[in-house]
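S.K.: My structure file final26.cif, mmCIF, C-alpha atoms, is below:
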```cif
data_run
loop_
_atom_site.label_atom_id
_atom_site.label_comp_id
_atom_site.auth_asym_id
_atom_site.auth_seq_id
_atom_site.Cartn_x
_atom_site.Cartn_y
_atom_site.Cartn_z
CA MET U 1 107.85 50.15 -84.77
CA LEU U 2 104.98 51.78 -82.89
CA ARG U 3 101.34 50.88 -83.15
CA ILE U 4 98.65 53.37 -82.24
CA GLY U 5 95.01 52.28 -81.97
CA ILE U 6 92.15 54.65 -82.71
CA GLY U 7 88.74 53.65 -81.41
CA GLY U 8 85.38 55.22 -80.73
CA PRO U 9 81.71 55.18 -81.70
CA VAL U 10 80.52 55.35 -85.31
CA GLY U 11 80.84 58.85 -86.75
CA SER U 12 82.92 60.29 -83.93
CA GLY U 13 85.79 61.27 -86.26
CA LYS U 14 88.27 58.39 -86.23
CA THR U 15 88.97 58.45 -89.96
CA GLN U 16 89.10 62.24 -89.93
CA LEU U 17 91.69 62.08 -87.17
CA ILE U 18 93.86 59.86 -89.37
CA GLU U 19 93.47 62.26 -92.29
CA ARG U 20 94.50 65.18 -90.07
CA LEU U 21 97.44 63.35 -88.54
CA LEU U 22 98.97 62.01 -91.74
CA PRO U 23 100.44 65.32 -92.99
CA ALA U 24 102.10 66.03 -89.63
CA ILE U 25 103.43 62.49 -89.45
CA GLY U 26 104.77 62.76 -92.99
CA GLU U 27 106.44 66.10 -92.27
CA ALA U 28 108.15 64.53 -89.27
CA GLY U 29 109.72 61.94 -91.58
CA ILE U 30 107.85 59.05 -90.00
CA LYS U 31 107.05 56.14 -92.33
CA VAL U 32 103.44 55.30 -91.57
CA ALA U 33 100.87 52.69 -92.59
CA VAL U 34 97.15 52.60 -91.85
CA VAL U 35 94.98 49.57 -91.05
CA THR U 36 91.22 50.19 -90.96
CA ASN U 37 88.62 47.84 -89.53
CA ASP U 38 85.47 48.51 -91.49
CA LEU U 39 82.38 46.72 -90.33
CA VAL U 40 80.74 45.93 -93.65
CA THR U 41 82.43 47.78 -96.50
CA LYS U 42 85.98 48.96 -97.10
CA GLU U 43 84.88 52.56 -97.26
CA ASP U 44 87.22 53.90 -94.59
CA ALA U 45 90.23 52.20 -96.19
CA GLU U 46 89.24 53.57 -99.59
CA ARG U 47 88.74 57.05 -98.15
CA VAL U 48 92.26 57.07 -96.69
CA ARG U 49 93.74 55.51 -99.84
CA GLN U 50 92.21 58.19 -102.03
CA SER U 51 93.05 61.06 -99.68
CA GLY U 52 96.35 61.74 -101.40
CA LEU U 53 97.92 61.91 -97.95
CA ILE U 54 99.57 58.50 -98.00
CA ASN U 55 100.85 55.93 -100.47
CA PRO U 56 97.70 53.89 -101.22
CA ASP U 57 99.74 50.68 -100.92
CA HIS U 58 100.33 51.55 -97.27
CA VAL U 59 96.62 51.30 -96.40
CA VAL U 60 94.76 48.07 -95.82
CA GLY U 61 91.16 47.34 -94.79
CA VAL U 62 90.39 44.38 -92.54
CA GLU U 63 87.01 42.64 -92.40
CA THR U 64 86.24 41.67 -88.84
CA GLY U 65 83.22 39.39 -89.01
CA ALA U 66 80.79 41.89 -87.48
CA CYS U 67 82.78 42.16 -84.27
CA PRO U 68 84.88 45.37 -84.15
CA HIS U 69 85.82 45.03 -80.49
CA THR U 70 86.81 41.37 -80.90
CA ALA U 71 89.34 42.33 -83.58
CA ILE U 72 91.07 44.88 -81.35
CA ARG U 73 90.83 43.11 -78.00
CA GLU U 74 89.90 39.41 -77.68
CA ASP U 75 91.48 38.25 -80.94
CA PRO U 76 93.62 40.79 -82.81
CA SER U 77 94.86 38.14 -85.28
CA ALA U 78 93.32 39.72 -88.38
CA ASN U 79 94.98 43.05 -87.59
CA LEU U 80 98.31 41.48 -86.68
CA GLU U 81 98.28 39.60 -89.95
CA ALA U 82 97.48 42.78 -91.90
CA ILE U 83 100.45 44.50 -90.24
CA ASP U 84 102.71 41.54 -90.99
CA ASN U 85 101.59 41.44 -94.63
CA LEU U 86 102.18 45.18 -95.05
CA GLU U 87 105.70 44.91 -93.68
CA ARG U 88 106.45 41.89 -95.85
CA SER U 89 105.32 43.72 -98.98
CA CYS U 90 106.46 47.29 -98.23
CA GLY U 91 109.33 46.89 -95.77
CA PRO U 92 109.42 48.06 -92.16
CA PHE U 93 107.31 51.01 -90.98
CA ASP U 94 107.96 53.41 -88.11
CA LEU U 95 104.32 53.69 -87.19
CA PHE U 96 101.02 51.90 -87.72
CA LEU U 97 97.70 53.64 -87.18
CA ILE U 98 95.03 51.01 -86.54
CA GLU U 99 91.48 52.30 -86.78
CA SER U 100 88.84 50.18 -85.10
CA GLY U 101 85.40 49.80 -86.56
CA GLY U 102 82.87 52.07 -84.85
CA ASP U 103 81.79 50.43 -81.63
CA ASN U 104 80.24 51.08 -78.24
CA LEU U 105 81.79 52.80 -75.24
CA SER U 106 83.22 49.60 -73.79
CA ALA U 107 85.58 48.87 -76.71
CA THR U 108 89.24 48.75 -75.70
CA PHE U 109 92.49 47.74 -77.42
CA THR U 110 94.73 44.91 -76.25
CA THR U 111 98.42 45.62 -75.83
CA ASP U 112 99.00 42.50 -77.98
CA LEU U 113 98.02 44.82 -80.83
CA VAL U 114 98.88 48.41 -79.90
CA ASP U 115 101.38 50.33 -77.79
CA TYR U 116 99.09 53.31 -77.26
CA TRP U 117 95.49 54.04 -78.10
CA ILE U 118 93.28 57.02 -78.69
CA TYR U 119 89.54 57.03 -78.09
CA VAL U 120 87.36 59.54 -79.95
CA ILE U 121 83.92 60.65 -78.83
CA ASP U 122 81.90 63.59 -80.14
CA THR U 123 79.87 66.23 -78.40
CA ALA U 124 76.79 65.55 -80.54
CA ALA U 125 76.34 62.19 -78.81
CA GLY U 126 75.55 64.08 -75.61
CA ASP U 127 77.52 65.72 -72.83
CA ASP U 128 76.64 62.88 -70.46
CA ILE U 129 78.80 60.40 -72.41
CA PRO U 130 81.89 60.81 -70.16
CA ARG U 131 79.83 60.16 -67.03
CA LYS U 132 78.77 56.79 -68.41
CA ARG U 133 82.37 55.74 -67.73
CA GLY U 134 82.71 53.40 -70.68
CA MET U 135 85.97 51.48 -70.60
CA GLY U 136 87.08 53.16 -73.81
CA ILE U 137 86.83 56.58 -72.21
CA VAL U 138 88.31 55.55 -68.88
CA GLN U 139 91.22 53.40 -70.08
CA CYS U 140 92.47 55.02 -73.30
CA ASP U 141 95.87 56.72 -73.29
CA LEU U 142 94.46 59.81 -74.98
CA LEU U 143 90.81 60.86 -75.17
CA LEU U 144 89.56 63.21 -77.87
CA VAL U 145 86.26 65.01 -77.45
CA ASN U 146 85.62 65.91 -81.06
CA LYS U 147 83.16 68.15 -82.91
CA THR U 148 83.31 70.89 -80.32
CA ASP U 149 81.78 73.18 -82.96
CA LEU U 150 78.53 71.19 -82.73
CA ALA U 151 78.18 71.46 -78.97
CA PRO U 152 76.11 74.65 -78.88
CA HIS U 153 73.79 73.31 -81.57
CA VAL U 154 72.96 70.13 -79.67
CA GLY U 155 72.83 71.62 -76.19
CA ALA U 156 76.05 69.95 -75.03
CA SER U 157 78.03 71.71 -72.33
CA LEU U 158 81.76 71.51 -72.92
CA GLN U 159 82.36 72.82 -69.43
CA ARG U 160 80.34 69.99 -67.95
CA MET U 161 82.28 67.46 -70.03
CA ARG U 162 85.59 68.96 -68.88
CA GLU U 163 84.53 68.75 -65.24
CA ASP U 164 83.36 65.16 -65.57
CA LEU U 165 86.50 64.09 -67.40
CA ALA U 166 88.71 65.73 -64.78
CA VAL U 167 87.16 63.32 -62.30
CA ILE U 168 87.06 60.26 -64.56
CA ARG U 169 90.54 60.71 -66.08
CA PRO U 170 92.48 62.65 -63.48
CA SER U 171 95.92 61.65 -64.71
CA ARG U 172 95.40 60.90 -68.40
CA PRO U 173 95.24 63.50 -71.16
CA THR U 174 92.06 64.65 -72.85
CA LEU U 175 91.89 67.03 -75.80
CA PHE U 176 88.88 68.90 -77.14
CA THR U 177 89.02 69.08 -80.93
CA ASP U 178 87.21 70.23 -84.04
CA LEU U 179 88.95 67.97 -86.51
CA ARG U 180 86.86 69.09 -89.45
CA ALA U 181 88.43 72.54 -89.10
CA GLY U 182 91.90 71.14 -88.50
CA GLY U 183 92.97 70.86 -84.92
CA ALA U 184 95.21 67.81 -85.08
CA LYS U 185 98.37 69.72 -84.13
CA ASP U 186 97.60 69.35 -80.44
CA VAL U 187 96.98 65.66 -80.97
CA PHE U 188 100.27 65.16 -82.79
CA ASP U 189 102.11 67.16 -80.13
CA GLN U 190 100.58 64.93 -77.47
CA LEU U 191 101.66 61.82 -79.38
CA ARG U 192 105.18 63.19 -79.74
CA LYS U 193 105.29 63.76 -76.02
CA ASP U 194 103.68 60.48 -74.94
CA ILE U 195 105.16 57.92 -77.29
CA LEU U 196 107.85 59.62 -79.37
CA PHE U 197 109.25 61.27 -76.23
CA ALA U 198 109.94 64.48 -78.15
CA ASP U 199 109.90 66.62 -75.01
CA LEU U 200 112.68 64.73 -73.29
CA PRO U 201 116.01 66.55 -73.08
CA ALA U 202 118.51 65.28 -75.63
CA MET V 1 81.33 5.58 -57.63
CA SER V 2 82.50 7.22 -60.84
CA ALA V 3 85.86 6.30 -62.32
CA GLN V 4 88.50 9.03 -62.32
CA LEU V 5 90.55 9.98 -65.35
CA PRO V 6 94.28 9.36 -65.01
CA ASN V 7 96.29 12.57 -64.69
CA GLU V 8 97.76 12.19 -68.18
CA ALA V 9 94.29 11.87 -69.69
CA ARG V 10 93.22 15.04 -67.90
CA ARG V 11 96.19 16.93 -69.31
CA VAL V 12 95.43 15.70 -72.82
CA ALA V 13 91.79 16.67 -72.38
CA LEU V 14 92.83 20.15 -71.25
CA ALA V 15 95.11 20.54 -74.26
CA GLY V 16 92.25 19.47 -76.52
CA LEU V 17 89.82 21.87 -74.87
CA GLN V 18 92.29 24.71 -75.37
CA LEU V 19 92.55 23.91 -79.07
CA ALA V 20 88.75 23.81 -79.31
CA ASP V 21 88.22 27.03 -77.36
CA SER V 22 86.48 29.66 -79.44
CA SER V 23 88.54 32.29 -77.61
CA LEU V 24 91.77 30.92 -79.08
CA PRO V 25 93.08 34.11 -80.74
CA ILE V 26 93.76 32.93 -84.28
CA GLY V 27 91.18 34.98 -86.15
CA ARG V 28 88.57 32.29 -86.78
CA PHE V 29 85.80 34.76 -85.98
CA ALA V 30 86.60 36.82 -89.08
CA HIS V 31 85.75 33.95 -91.43
CA SER V 32 82.39 32.40 -92.26
CA ASN V 33 83.90 29.98 -94.80
CA GLY V 34 81.16 30.63 -97.34
CA THR V 35 78.27 30.70 -94.86
CA GLU V 36 77.67 34.45 -95.25
CA ARG V 37 77.35 34.13 -99.00
CA TRP V 38 75.13 31.05 -98.74
CA LEU V 39 72.81 32.82 -96.30
CA SER V 40 72.55 35.85 -98.58
CA GLU V 41 71.58 33.55 -101.47
CA ASN V 42 69.09 31.69 -99.28
CA PRO V 43 67.28 34.47 -97.43
CA SER V 44 64.54 32.22 -96.07
CA ALA V 45 66.71 29.24 -95.16
CA SER V 46 65.62 27.50 -91.97
CA SER V 47 67.92 26.30 -89.23
CA THR V 48 67.39 22.76 -90.54
CA GLU V 49 68.60 23.78 -94.00
CA LEU V 50 71.62 25.47 -92.43
CA GLU V 51 72.34 22.28 -90.51
CA GLN V 52 72.21 20.38 -93.80
CA LEU V 53 74.73 22.79 -95.32
CA VAL V 54 77.05 22.34 -92.35
CA SER V 55 76.62 18.57 -92.44
CA VAL V 56 77.40 18.31 -96.16
CA SER V 57 80.32 20.71 -95.77
CA LEU V 58 81.77 18.55 -93.02
CA THR V 59 81.42 15.19 -94.73
CA GLU V 60 82.01 16.20 -98.36
CA ALA V 61 84.50 19.06 -98.09
CA ILE V 62 86.18 19.67 -94.76
CA ALA V 63 86.70 16.09 -93.54
CA PRO V 64 88.13 14.55 -96.74
CA LEU V 65 90.46 17.52 -97.20
CA ASP V 66 91.33 19.52 -94.07
CA GLY V 67 90.49 16.70 -91.66
CA ALA V 68 92.54 14.23 -93.65
CA ALA V 69 95.39 16.75 -93.88
CA LEU V 70 95.35 17.22 -90.12
CA ASN V 71 95.57 13.48 -89.64
CA ALA V 72 98.51 13.24 -92.05
CA ALA V 73 100.28 16.17 -90.38
CA HIS V 74 99.84 14.50 -87.01
CA ARG V 75 101.74 11.49 -88.32
CA ALA V 76 104.47 13.43 -90.14
CA GLU V 77 108.03 12.86 -88.93
CA THR V 78 109.90 15.77 -90.51
CA ALA V 79 109.40 19.43 -91.32
CA THR V 80 110.00 18.64 -94.99
CA GLU V 81 107.11 16.21 -94.94
CA LEU V 82 104.91 18.87 -93.35
CA LEU V 83 105.98 21.40 -95.96
CA GLU V 84 104.90 18.99 -98.71
CA LEU V 85 101.55 18.31 -97.02
CA ASP V 86 101.02 22.05 -96.64
CA ALA V 87 101.67 22.67 -100.34
CA LEU V 88 99.41 19.79 -101.31
CA LEU V 89 96.58 21.11 -99.15
CA THR V 90 96.91 24.57 -100.70
CA ALA V 91 96.77 23.00 -104.17
CA HIS V 92 93.48 21.32 -103.29
CA LYS V 93 91.84 24.58 -102.21
CA SER V 94 90.49 26.07 -105.42
CA ALA V 95 88.85 29.16 -103.86
CA SER V 96 91.16 31.96 -102.81
CA ALA V 97 88.85 32.75 -99.88
CA SER V 98 89.29 29.21 -98.65
CA ARG V 99 93.08 29.45 -98.90
CA ALA V 100 93.08 32.83 -97.18
CA ALA V 101 90.93 31.62 -94.28
CA SER V 102 93.00 28.49 -93.78
CA GLN V 103 96.38 30.21 -93.98
CA SER V 104 95.44 33.32 -92.05
CA CYS V 105 94.25 31.30 -89.05
CA GLY V 106 97.01 28.71 -89.44
CA ARG V 107 99.80 31.28 -89.37
CA GLN V 108 98.38 32.88 -86.26
CA LEU V 109 98.15 29.48 -84.59
CA ALA V 110 101.74 28.73 -85.64
CA GLN V 111 102.90 31.88 -83.86
CA LEU V 112 100.90 31.08 -80.76
CA ALA V 113 101.83 27.39 -80.73
CA GLN V 114 105.50 28.13 -80.11
CA ARG V 115 104.52 29.87 -76.88
CA LEU V 116 102.34 26.97 -75.75
CA VAL V 117 104.71 24.03 -76.10
CA GLN V 118 108.38 23.31 -76.77
CA ASP V 119 108.72 20.74 -79.54
CA GLU V 120 111.48 20.39 -82.11
CA LEU V 121 109.30 19.45 -85.08
CA LEU V 122 106.80 22.18 -84.25
CA THR V 123 109.60 24.74 -83.99
CA ASP V 124 111.15 23.65 -87.30
CA TYR V 125 107.82 23.73 -89.13
CA CYS V 126 106.78 27.08 -87.62
CA ALA V 127 110.08 28.55 -88.81
CA LEU V 128 109.15 27.48 -92.35
CA VAL V 129 105.73 29.09 -91.94
CA ASP V 130 107.23 32.29 -90.57
CA SER V 131 109.58 32.55 -93.54
CA ARG V 132 106.66 31.74 -95.88
CA GLN V 133 108.46 28.69 -97.27
CA SER V 134 105.43 26.78 -96.04
CA GLU V 135 101.92 28.20 -96.34
CA GLY V 136 100.80 27.44 -92.80
CA ASN V 137 97.38 25.97 -93.47
CA LEU V 138 95.35 25.62 -90.28
CA ALA V 139 94.88 21.86 -90.56
CA ILE V 140 98.62 21.26 -90.84
CA VAL V 141 99.43 23.50 -87.88
CA GLU V 142 96.67 21.89 -85.83
CA GLY V 143 98.09 18.45 -86.61
CA VAL V 144 101.62 19.35 -85.54
CA LEU V 145 100.47 21.16 -82.42
CA ALA V 146 98.14 18.32 -81.46
CA ARG V 147 100.95 15.82 -81.70
CA ALA V 148 103.27 18.08 -79.70
CA THR V 149 100.69 18.31 -76.92
CA ALA V 150 99.95 14.56 -76.97
CA ILE V 151 96.43 14.99 -78.32
CA PRO V 152 95.63 11.82 -80.32
CA ALA V 153 94.96 12.33 -84.03
CA GLU V 154 91.38 11.13 -83.69
CA MET V 155 90.60 13.68 -80.99
CA ALA V 156 92.40 16.46 -82.89
CA VAL V 157 90.36 15.77 -86.02
CA LEU V 158 87.15 15.66 -83.99
CA ILE V 159 88.01 19.00 -82.37
CA SER V 160 88.88 20.60 -85.70
CA LEU V 161 85.69 19.45 -87.41
CA ARG V 162 83.58 20.48 -84.45
CA SER V 163 85.25 23.93 -84.56
CA ALA V 164 84.46 24.21 -88.27
CA ALA V 165 80.78 23.43 -87.64
CA SER V 166 80.67 25.80 -84.69
CA GLY V 167 82.28 28.56 -86.76
CA MET V 168 79.68 28.30 -89.51
CA LEU V 169 76.83 28.40 -87.00
CA SER V 170 78.47 31.28 -85.14
CA ALA V 171 78.62 33.28 -88.37
CA ALA V 172 74.89 32.73 -88.83
CA VAL V 173 74.29 33.96 -85.28
CA ARG V 174 76.30 37.13 -85.87
CA LEU V 175 74.45 37.75 -89.13
CA GLY V 176 71.19 37.59 -87.20
CA ARG V 177 70.00 34.46 -88.98
CA LEU V 178 70.17 32.04 -86.07
CA THR V 179 69.66 32.50 -82.34
CA PRO V 180 72.54 31.52 -80.05
CA SER V 181 70.41 28.89 -78.34
CA LEU V 182 69.29 27.40 -81.67
CA ALA V 183 72.93 27.30 -82.75
CA GLN V 184 73.71 25.12 -79.75
CA VAL V 185 70.74 22.87 -80.57
CA SER V 186 72.05 22.60 -84.13
CA LEU V 187 75.55 21.81 -82.90
CA ARG V 188 74.11 19.03 -80.79
CA THR V 189 72.03 17.79 -83.74
CA LEU V 190 75.17 17.82 -85.88
CA ALA V 191 77.07 15.55 -83.48
CA GLY V 192 76.40 12.57 -85.74
CA SER V 193 77.74 14.46 -88.75
CA VAL V 194 80.88 15.49 -86.86
CA ASP V 195 81.37 11.88 -85.83
CA GLU V 196 80.85 10.62 -89.38
CA ALA V 197 83.14 13.31 -90.76
CA THR V 198 85.86 12.30 -88.29
CA THR V 199 85.67 8.73 -89.54
CA ILE V 200 85.94 9.97 -93.13
CA ALA V 201 88.92 12.18 -92.33
CA LEU V 202 90.81 9.39 -90.60
CA ALA V 203 90.14 6.99 -93.48
CA THR V 204 91.11 9.38 -96.29
CA LYS V 205 94.71 8.84 -97.37
CA VAL V 206 96.96 11.58 -98.75
CA GLY V 207 96.41 10.66 -102.40
CA GLU V 208 92.65 10.62 -101.89
CA TRP V 209 92.14 14.14 -100.56
CA HIS V 210 89.14 15.87 -102.10
CA SER V 211 86.52 18.55 -101.50
CA THR V 212 83.26 18.08 -103.36
CA ALA V 213 80.61 20.20 -101.62
CA ALA V 214 79.79 22.15 -104.78
CA GLU V 215 77.33 24.62 -103.24
CA LEU V 216 79.78 25.67 -100.54
CA GLU V 217 82.64 25.80 -103.04
CA ILE V 218 80.67 28.18 -105.26
CA CYS V 219 79.92 30.38 -102.25
CA LEU V 220 83.61 30.43 -101.36
CA LEU V 221 84.57 31.30 -104.92
CA ALA V 222 82.15 34.24 -104.76
CA SER V 223 83.39 35.39 -101.34
CA GLY V 224 85.48 38.50 -101.38
CA ARG V 225 83.83 39.87 -104.51
CA GLU V 226 80.91 41.47 -102.72
CA GLU V 227 80.84 45.21 -102.09
CA ILE V 228 79.29 44.50 -98.72
CA SER V 229 80.41 41.67 -96.47
CA PHE V 230 80.98 41.22 -92.77
CA PHE V 231 83.37 38.30 -93.06
CA ALA V 232 86.69 37.91 -94.85
CA SER V 233 85.50 34.62 -96.32
#
```
Any chance you could give the structure as structure tokens?
M.R.:
Amino acid sequence: MLRIGIGGPVGSGKTQLIERLLPAIGEAGIKVAVVTNDLVTKEDAERVRQSGLINPDHVVGVETGACPHTAIREDPSANLEAIDNLERSCGPFDLFLIESGGDNLSATFTTDLVDYWIYVIDTAAGDDIPRKRGMGIVQCDLLLVNKTDLAPHVGASLQRMREDLAVIRPSRPTLFTDLRAGGAKDVFDQLRKDILFADLPA
Amino acid sequence: MSAQLPNEARRVALAGLQLADSSLPIGRFAHSNGTERWLSENPSASSTELEQLVSVSLTEAIAPLDGAALNAAHRAETATELLELDALLTAHKSASASRAASQSCGRQLAQLAQRLVQDELLTDYCALVDSRQSEGNLAIVEGVLARATAIPAEMAVLISLRSAASGMLSAAVRLGRLTPSLAQVSLRTLAGSVDEATTIALATKVGEWHSTAAELEICLLASGREEISFFAS
């Protein structure tokens, strides 16, 4: 069973990423469950439940006591329990997607909780975000720079972001995405390569 | 010249401090145990009023139930006895939010405990918790773990009650209703209540367990029904 964490600031596209990944994951025959960490409401969990992309029983929302980063790093108990409860009620899963509540650039996942984690930022937050070298951006296994369609409207230079990220993450993958228009194929392909080892010779 | 603690006493103190540590990863931070609801119903409550809530909760609810259960678990000789105490404690918790908070944190501690100390009774009981034959209420797990690490029952109860008070104040801090420094002042002010509650817990026998802090109980019963809440309880 694999666990993938998805973190990033509020509104960067974490839930949208899950919605875009679910069809590809389903087509690959992977049994998946989703755990969301909403800050105040259970809106993200409800959104995924009602998406029609996954059995609603395979989605659970966790309340994290106003501390999103605590629940994915210092004390992942609430998430671990949610995973345990899902497996007890629905049987074993191949993959868990664990969405953090929206947080600041220093949020990271502990390996007590996940095997691999994705961090999502968006161009509308400014093209200087990578240079701030938040731990989320520096340490994640896969970085997504989302909402590339908005860049020209907010004066963000994608070229500048690419150059900065080449310095900050020289050996870790970064993808530029417009998840609203689709664009999760590259993400899924990267996941297949990194953690499902799909590119290894048989 | 100050007297030095014997080595054994230092080790016991360290074990107790670890159990009391707010960074112990058992999910306590996700629960306000009714404090969030109480604060929302009392929007102008002062820190003194919050202290009163915590004090009453300790002496009228937590000590004569969870504290007493911890003490009983500490003295238990067999896993079967612990299983019965666990079931009895669950039966005394009328609010589902209260049961969820206790069992969620207790199960996480049960998993962690097996990595902290090797003890036959602890192992046997944790196996029952893992298989869900026993509920894994926090007070029961704390009692077994305390005994396995040579923490006396009195100290274990004191630590548990102090953690409960600290957790309620911490929730108020995270909800922006109390400053962190005031929370520490309150915790210091509440030392007498924690002490009194410890005495109550140690004196309350199994057949006398009760929880009668009505205001907190009502808040716990209402927890989990709100559209908007930060905490799971």
S.K.: Per residue of chain U within 9 Å of chain V, record the nearest atom pair and its distance in Å to one decimal, counting only C-alpha atoms, with rows in chain order and ascending residue number, as a Markdown table.
M.R.:
```
| residue | atom | partner | partner_atom | distance |
| --- | --- | --- | --- | --- |
| U:Asp38 | CA | V:Phe230 | CA | 8.7 |
| U:Leu39 | CA | V:Phe230 | CA | 6.2 |
| U:Val40 | CA | V:Phe230 | CA | 4.8 |
| U:Thr41 | CA | V:Ile228 | CA | 5.1 |
| U:Lys42 | CA | V:Glu227 | CA | 8.1 |
| U:Val62 | CA | V:Ala232 | CA | 7.8 |
| U:Glu63 | CA | V:Ala232 | CA | 5.3 |
| U:Thr64 | CA | V:Ala30 | CA | 4.9 |
| U:Gly65 | CA | V:Phe231 | CA | 4.2 |
| U:Ala66 | CA | V:Phe230 | CA | 5.3 |
| U:Cys67 | CA | V:Ala30 | CA | 8.1 |
| U:Thr70 | CA | V:Phe29 | CA | 8.4 |
| U:Ala71 | CA | V:Gly27 | CA | 8.0 |
| U:Glu74 | CA | V:Pro25 | CA | 6.9 |
| U:Asp75 | CA | V:Pro25 | CA | 4.4 |
| U:Pro76 | CA | V:Pro25 | CA | 7.0 |
| U:Ser77 | CA | V:Gly27 | CA | 4.9 |
| U:Ala78 | CA | V:Gly27 | CA | 5.7 |
| U:Leu80 | CA | V:Gln108 | CA | 8.6 |
| U:Glu81 | CA | V:Ser104 | CA | 7.2 |
```
S.K.: Could you save the residues just selected, with C-alpha atoms, as a PDB file, in the coordinates of the input?
M.R.:
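The resulting selection_25.pdb:
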```
ATOM      1  CA  ASP U  38      85.470  48.510 -91.490  1.00  0.00           C
ATOM      2  CA  LEU U  39      82.380  46.720 -90.330  1.00  0.00           C
ATOM      3  CA  VAL U  40      80.740  45.930 -93.650  1.00  0.00           C
ATOM      4  CA  THR U  41      82.430  47.780 -96.500  1.00  0.00           C
ATOM      5  CA  LYS U  42      85.980  48.960 -97.100  1.00  0.00           C
ATOM      6  CA  VAL U  62      90.390  44.380 -92.540  1.00  0.00           C
ATOM      7  CA  GLU U  63      87.010  42.640 -92.400  1.00  0.00           C
ATOM      8  CA  THR U  64      86.240  41.670 -88.840  1.00  0.00           C
ATOM      9  CA  GLY U  65      83.220  39.390 -89.010  1.00  0.00           C
ATOM     10  CA  ALA U  66      80.790  41.890 -87.480  1.00  0.00           C
ATOM     11  CA  CYS U  67      82.780  42.160 -84.270  1.00  0.00           C
ATOM     12  CA  THR U  70      86.810  41.370 -80.900  1.00  0.00           C
ATOM     13  CA  ALA U  71      89.340  42.330 -83.580  1.00  0.00           C
ATOM     14  CA  GLU U  74      89.900  39.410 -77.680  1.00  0.00           C
ATOM     15  CA  ASP U  75      91.480  38.250 -80.940  1.00  0.00           C
ATOM     16  CA  PRO U  76      93.620  40.790 -82.810  1.00  0.00           C
ATOM     17  CA  SER U  77      94.860  38.140 -85.280  1.00  0.00           C
ATOM     18  CA  ALA U  78      93.320  39.720 -88.380  1.00  0.00           C
ATOM     19  CA  LEU U  80      98.310  41.480 -86.680  1.00  0.00           C
ATOM     20  CA  GLU U  81      98.280  39.600 -89.950  1.00  0.00           C
TER      21      GLU U  81
END
```
S.K.: Could you jot down the CA of Glu99 in chain U to CA of Leu17 in chain U separation for me, Å, one decimal place?
M.R.: 9.8 Å
S.K.: Please expand the PyMOL selection byres ((chain V and resi 45-48) around 10) into the concrete residues it hits in this file, giving the result as an MDAnalysis selection string.
M.R.: chainID V and resid 38:44 49:54 169 172 177:179 182:183 185:186 189
S.K.: Just give me the gap between CA of Tyr116 in chain U and CA of Lys31 in chain U in Å, one decimal is fine.
M.R.: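 For CA of Tyr116 in chain U relative to CA of Lys31 in chain U, the distance reads 17.3 Å.
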S.K.: Could you state which residues are captured by the PyMOL selection byres ((chain U and resi 32) around 7) in this file, as a PDB file with C-alpha atoms, in the coordinates of the input?
M.R.:
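Result file expr.pdb:
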```pdb
ATOM      1  CA  ILE U  30     107.850  59.050 -90.000  1.00  0.00           C
ATOM      2  CA  LYS U  31     107.050  56.140 -92.330  1.00  0.00           C
ATOM      3  CA  ALA U  33     100.870  52.690 -92.590  1.00  0.00           C
ATOM      4  CA  VAL U  34      97.150  52.600 -91.850  1.00  0.00           C
ATOM      5  CA  PHE U  93     107.310  51.010 -90.980  1.00  0.00           C
ATOM      6  CA  ASP U  94     107.960  53.410 -88.110  1.00  0.00           C
ATOM      7  CA  LEU U  95     104.320  53.690 -87.190  1.00  0.00           C
ATOM      8  CA  PHE U  96     101.020  51.900 -87.720  1.00  0.00           C
TER       9      PHE U  96
END
```
S.K.: Take the PyMOL selection byres ((chain U and resi 156) around 7), run it mentally on this structure, and tell me the resulting residues as JSON, numbers by chain.
M.R.: {"U": [123, 126, 127, 151, 152, 154, 155, 157, 158]}
S.K.: Rounded to one decimal place, report the CA of Ser171 in chain U-CA of Ile4 in chain U distance in Å.
M.R.: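 Computing the Euclidean distance for CA of Ser171 in chain U and CA of Ile4 in chain U yields 19.6 Å.
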S.K.: Can you report as lines of an AutoDock Vina configuration file the centre and edge lengths in Å, to one decimal, of an axis-aligned box around the listed atoms of range 117-127 of chain V padded with 4 Å on each side?
M.R.:
```
center_x = 108.1
center_y = 24.0
center_z = -82.6
size_x = 14.8
size_y = 17.1
size_z = 21.0
```
S.K.: Would you list the contacts of Ala148 in chain V as a list in words, taking every protein, DNA or RNA residue within 12 Å and counting all atoms listed in the file, but skipping same-chain residues closer than 3 positions in sequence?
M.R.: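 Answer for this query is Val12, Ala15, Gly16, Ala73, His74, Arg75, Ala76, Glu77, Ala113, Gln114, Leu116, Val117, Gln118, Asp119, Glu120, Leu121, Leu122, Thr123, Tyr125, Val141, Glu142, Gly143, Val144, Leu145, Ile151, Pro152, Ala153 and Ala156 of chain V.
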S.K.: I'd like the neighbourhood of Thr90 in chain V as a ChimeraX atom specification, where a residue qualifies if any of its atoms comes within 9 Å (using all atoms listed in the file), though same-chain residues fewer than 5 positions away should be ignored.
M.R.: /V:85,99,102-103,135,137
S.K.: Which residue, U:Ile137, U:Leu142, U:Ile83, U:Ile54, has the smallest gap to Asp194 in chain U when you use only C-alpha atoms?
M.R.: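 Once distances to Asp194 in chain U are computed over only C-alpha atoms, the minimum belongs to U:Leu142.
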